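**Student:** Mind looking over this structure? Questions follow.
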Amino acid sequence: ATQLPSYKSIGQQTFFTYATGTFASGKETRSNPQAWFYLNNFGLLADYVEVKQDVKLGTKSQQLQNSALDVSGSWVLTGENVSYKGGVKPAHDFSLTDGTWGAVELTARYGYNHIDSDAFANGYASLATSASKATSTGVGVAWYLSENLKLLADWDQTKFVGGATAGKNRLTEDFASGRVQFRY
């Protein structure tokens, strides 16, 4: 095993892998500061990751530095409080009989993954098969029918730099998802 990761997009497509024969060789240092702010029905979460990894390919070795950022915001339209621990408790559960609709939350997200340019310049990866950067934006809606049941729908778009033959960019990925979540 190479002990090196591959990176995936929001839609779970692998957009970066190291070249065959490239191995982790030495130390890996990871820093991951995070900040959040929650006030009533508004929430904001920011997460940054920087990884320094010693790699080796044949007789060459080098330390590469990759980074990623994710910023996510949410706003509960129906006024319920939101918190870092997640979940929204509707003021009134969904009920056709009572004419109540539960809680509705809108979300927005921005993020990127940036791969060290030396990975490509020195043969540890190839721009013909791996992207050097992936940038995503997304929006979503969550409908909390009760404290224990919610429906979610999300749409994300990821744009890539490199990752396709002849020096071209990999095609933009559009990804829609939905889920039903039970909590007990």
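In the structure tokens, the first chain shown is A, the next is B, and so on; residue numbers restart at 1 for each chain, and ligands run from 1 in the order shown.
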Applying 12 Å and only C-alpha atoms, which residues near Val180 in chain A remain after dropping the ones on its own chain fewer than 3 positions away? List them as a PDB file with C-alpha atoms, in the first residue's frame.

**Tutor:**
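Result file follows (around-v5.pdb):
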ATOM      1  CA  ALA A 142     -33.920  20.450   4.850  1.00  0.00           C
ATOM      2  CA  TRP A 143     -37.497  19.924   5.956  1.00  0.00           C
ATOM      3  CA  TYR A 144     -37.781  18.801   9.584  1.00  0.00           C
ATOM      4  CA  LEU A 145     -41.154  17.113   9.865  1.00  0.00           C
ATOM      5  CA  ASN A 148     -36.727  12.689  14.531  1.00  0.00           C
ATOM      6  CA  LEU A 149     -37.540  12.869  10.812  1.00  0.00           C
ATOM      7  CA  LYS A 150     -36.200  15.137   8.100  1.00  0.00           C
ATOM      8  CA  LEU A 151     -36.090  15.238   4.317  1.00  0.00           C
ATOM      9  CA  LEU A 152     -33.064  16.754   2.586  1.00  0.00           C
ATOM     10  CA  ALA A 153     -32.314  17.827  -0.979  1.00  0.00           C
ATOM     11  CA  SER A 177     -28.884  14.216  -3.855  1.00  0.00           C
ATOM     12  CA  ARG A 183     -33.102   9.918  14.305  1.00  0.00           C
TER      13      ARG A 183
END

**Student:** Need the shell around Val141 in chain A: protein/DNA/RNA residues with any atom at most 12 Å away, counting only C-alpha atoms. Skip same-chain ones fewer than 5 positions apart. Format as number ranges by chain?

**Tutor:** A: 73-77, 103-109, 150-155, 176-179

**Student:** Restrict the calculation to only C-alpha atoms, then for each residue of range 109-178 of chain A with any atom at most 12 Å from an atom of range 27-51 of chain A give the closest atom pair and their distance in Å to one decimal, rows by chain and rising residue number, as a tab-separated table.

**Tutor:**
residue	atom	partner	partner_atom	distance
A:Arg109	CA	A:Leu45	CA	9.5
A:Tyr110	CA	A:Ala46	CA	9.6
A:Gly111	CA	A:Asp47	CA	9.2
A:Tyr112	CA	A:Tyr48	CA	9.7
A:Asn113	CA	A:Val49	CA	9.2
A:His114	CA	A:Glu50	CA	9.5
A:Ile115	CA	A:Val51	CA	9.9
A:Asp116	CA	A:Val51	CA	10.0

**Student:** Store the residues picked out above, limited to N, CA and C atoms, as a CSV table (one decimal), in the first residue's frame.

**Tutor:**
chain,number,residue,atom,x,y,z
A,109,ARG,N,-23.0,26.3,0.6
A,109,ARG,CA,-21.7,25.8,0.8
A,109,ARG,C,-20.7,26.2,-0.3
A,110,TYR,N,-19.5,26.4,0.1
A,110,TYR,CA,-18.4,26.7,-0.8
A,110,TYR,C,-17.1,25.9,-0.3
A,111,GLY,N,-16.4,25.3,-1.2
A,111,GLY,CA,-15.2,24.6,-0.8
A,111,GLY,C,-14.2,24.4,-1.9
A,112,TYR,N,-13.0,24.1,-1.6
A,112,TYR,CA,-12.0,23.8,-2.6
A,112,TYR,C,-11.0,22.8,-2.0
A,113,ASN,N,-10.4,22.1,-2.9
A,113,ASN,CA,-9.2,21.2,-2.7
A,113,ASN,C,-8.1,21.7,-3.6
A,114,HIS,N,-6.9,22.0,-3.1
A,114,HIS,CA,-5.8,22.4,-3.9
A,114,HIS,C,-4.6,21.5,-3.7
A,115,ILE,N,-4.1,21.0,-4.8
A,115,ILE,CA,-3.0,20.0,-4.8
A,115,ILE,C,-1.7,20.8,-5.1
A,116,ASP,N,-0.7,20.5,-4.4
A,116,ASP,CA,0.6,21.2,-4.6
A,116,ASP,C,1.1,21.0,-6.1

**Student:** Please report, as a tab-separated table, each residue of range 114-144 of chain A lying at most 12 Å from range 159-169 of chain A, together with the nearest pair of atoms and the separation in Å rounded to one decimal; use only C-alpha atoms, and order rows by chain and ascending residue number.

**Tutor:**
residue	atom	partner	partner_atom	distance
A:His114	CA	A:Val161	CA	9.5
A:Ile115	CA	A:Val161	CA	10.2
A:Ser117	CA	A:Gly162	CA	11.3
A:Phe120	CA	A:Gly162	CA	10.4
A:Ala125	CA	A:Gly163	CA	10.1
A:Ser126	CA	A:Gly163	CA	7.7
A:Leu127	CA	A:Gly163	CA	5.0
A:Ala128	CA	A:Thr165	CA	4.5
A:Thr129	CA	A:Gly163	CA	4.6
A:Ser130	CA	A:Gly163	CA	4.0
A:Ala131	CA	A:Gly163	CA	3.9
A:Ser132	CA	A:Val161	CA	5.6
A:Lys133	CA	A:Val161	CA	5.2
A:Ala134	CA	A:Phe160	CA	4.5
A:Thr135	CA	A:Lys159	CA	5.3
A:Ser136	CA	A:Lys159	CA	6.4
A:Thr137	CA	A:Lys159	CA	8.9
A:Gly138	CA	A:Lys159	CA	11.7

**Student:** With N, CA and C atoms retained, write the just-selected residues as a PDB file, in the first residue's frame.

**Tutor:**
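Result file is out17.pdb:
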ATOM      1  N   HIS A 114      -6.929  21.986  -3.087  1.00  0.00           N
ATOM      2  CA  HIS A 114      -5.805  22.438  -3.912  1.00  0.00           C
ATOM      3  C   HIS A 114      -4.632  21.480  -3.716  1.00  0.00           C
ATOM      4  N   ILE A 115      -4.126  20.956  -4.822  1.00  0.00           N
ATOM      5  CA  ILE A 115      -2.999  20.025  -4.796  1.00  0.00           C
ATOM      6  C   ILE A 115      -1.718  20.794  -5.114  1.00  0.00           C
ATOM      7  N   SER A 117       1.455  22.134  -6.677  1.00  0.00           N
ATOM      8  CA  SER A 117       1.870  22.112  -8.089  1.00  0.00           C
ATOM      9  C   SER A 117       3.116  21.254  -8.306  1.00  0.00           C
ATOM     10  N   PHE A 120       2.707  17.681  -9.725  1.00  0.00           N
ATOM     11  CA  PHE A 120       2.608  17.509 -11.172  1.00  0.00           C
ATOM     12  C   PHE A 120       3.940  17.810 -11.857  1.00  0.00           C
ATOM     13  N   ALA A 125       2.231  13.018  -9.797  1.00  0.00           N
ATOM     14  CA  ALA A 125       0.864  12.915 -10.297  1.00  0.00           C
ATOM     15  C   ALA A 125       0.852  13.461 -11.728  1.00  0.00           C
ATOM     16  N   SER A 126      -0.212  13.170 -12.470  1.00  0.00           N
ATOM     17  CA  SER A 126      -0.332  13.615 -13.857  1.00  0.00           C
ATOM     18  C   SER A 126      -1.587  14.454 -14.048  1.00  0.00           C
ATOM     19  N   LEU A 127      -1.438  15.636 -14.689  1.00  0.00           N
ATOM     20  CA  LEU A 127      -2.600  16.484 -14.985  1.00  0.00           C
ATOM     21  C   LEU A 127      -3.530  15.839 -16.007  1.00  0.00           C
ATOM     22  N   ALA A 128      -3.053  14.824 -16.717  1.00  0.00           N
ATOM     23  CA  ALA A 128      -3.907  14.130 -17.685  1.00  0.00           C
ATOM     24  C   ALA A 128      -4.911  13.212 -16.993  1.00  0.00           C
ATOM     25  N   THR A 129      -4.651  12.867 -15.733  1.00  0.00           N
ATOM     26  CA  THR A 129      -5.568  11.978 -15.013  1.00  0.00           C
ATOM     27  C   THR A 129      -6.040  12.544 -13.680  1.00  0.00           C
ATOM     28  N   SER A 130      -5.354  13.562 -13.165  1.00  0.00           N
ATOM     29  CA  SER A 130      -5.715  14.134 -11.861  1.00  0.00           C
ATOM     30  C   SER A 130      -5.837  15.646 -11.956  1.00  0.00           C
ATOM     31  N   ALA A 131      -6.839  16.195 -11.293  1.00  0.00           N
ATOM     32  CA  ALA A 131      -7.028  17.641 -11.261  1.00  0.00           C
ATOM     33  C   ALA A 131      -6.131  18.258 -10.192  1.00  0.00           C
ATOM     34  N   SER A 132      -5.655  19.475 -10.461  1.00  0.00           N
ATOM     35  CA  SER A 132      -4.831  20.171  -9.477  1.00  0.00           C
ATOM     36  C   SER A 132      -5.674  20.992  -8.505  1.00  0.00           C
ATOM     37  N   LYS A 133      -6.934  21.227  -8.879  1.00  0.00           N
ATOM     38  CA  LYS A 133      -7.834  21.970  -7.989  1.00  0.00           C
ATOM     39  C   LYS A 133      -9.269  21.568  -8.300  1.00  0.00           C
ATOM     40  N   ALA A 134     -10.069  21.458  -7.263  1.00  0.00           N
ATOM     41  CA  ALA A 134     -11.503  21.215  -7.390  1.00  0.00           C
ATOM     42  C   ALA A 134     -12.210  22.248  -6.523  1.00  0.00           C
ATOM     43  N   THR A 135     -13.123  23.013  -7.125  1.00  0.00           N
ATOM     44  CA  THR A 135     -13.862  24.045  -6.416  1.00  0.00           C
ATOM     45  C   THR A 135     -15.348  23.730  -6.488  1.00  0.00           C
ATOM     46  N   SER A 136     -16.016  23.677  -5.342  1.00  0.00           N
ATOM     47  CA  SER A 136     -17.432  23.315  -5.301  1.00  0.00           C
ATOM     48  C   SER A 136     -18.272  24.407  -4.672  1.00  0.00           C
ATOM     49  N   THR A 137     -19.477  24.532  -5.186  1.00  0.00           N
ATOM     50  CA  THR A 137     -20.497  25.367  -4.580  1.00  0.00           C
ATOM     51  C   THR A 137     -21.767  24.534  -4.491  1.00  0.00           C
ATOM     52  N   GLY A 138     -22.557  24.787  -3.485  1.00  0.00           N
ATOM     53  CA  GLY A 138     -23.778  23.998  -3.342  1.00  0.00           C
ATOM     54  C   GLY A 138     -24.840  24.702  -2.531  1.00  0.00           C
TER      55      GLY A 138
END

**Student:** As a count of residues only, please: every residue in range 8-158 of chain A that a backbone DSSP assignment puts in strand (DSSP E).

**Tutor:** 91

**Student:** Assign secondary structure with DSSP using the backbone only, and return the residues of chain A in helix (DSSP H, G or I) as a count of residues only.

**Tutor:** 7

**Student:** What is the distance between CA of Gln13 in chain A and CA of Gln157 in chain A, in Å to one decimal?

**Tutor:**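 So the answer is 12.4 Å.
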
**Student:** So what do you get for CA of Thr78 in chain A versus CA of Ile10 in chain A, distance-wise?

**Tutor:**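 Separation of CA of Thr78 in chain A and CA of Ile10 in chain A: 28.0 Å.
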
**Student:** Between CA of Asp93 in chain A and CA of Glu147 in chain A, what is the distance, to one decimal in Å?

**Tutor:**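 These two atoms are separated by 7.7 Å.
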
**Student:** Which is closer to Gln65 in chain A than all the others in A:Asp118, A:Gly86, A:Thr158, A:Gln3, using only C-alpha atoms?

**Tutor:**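 The closest residue to Gln65 in chain A is A:Asp118.
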
**Student:** Write out as number ranges by chain which residues come within 10 Å of Ala1 in chain A when counting only C-alpha atoms, dropping same-chain ones fewer than 3 positions away.

**Tutor:** A: 4, 23-24
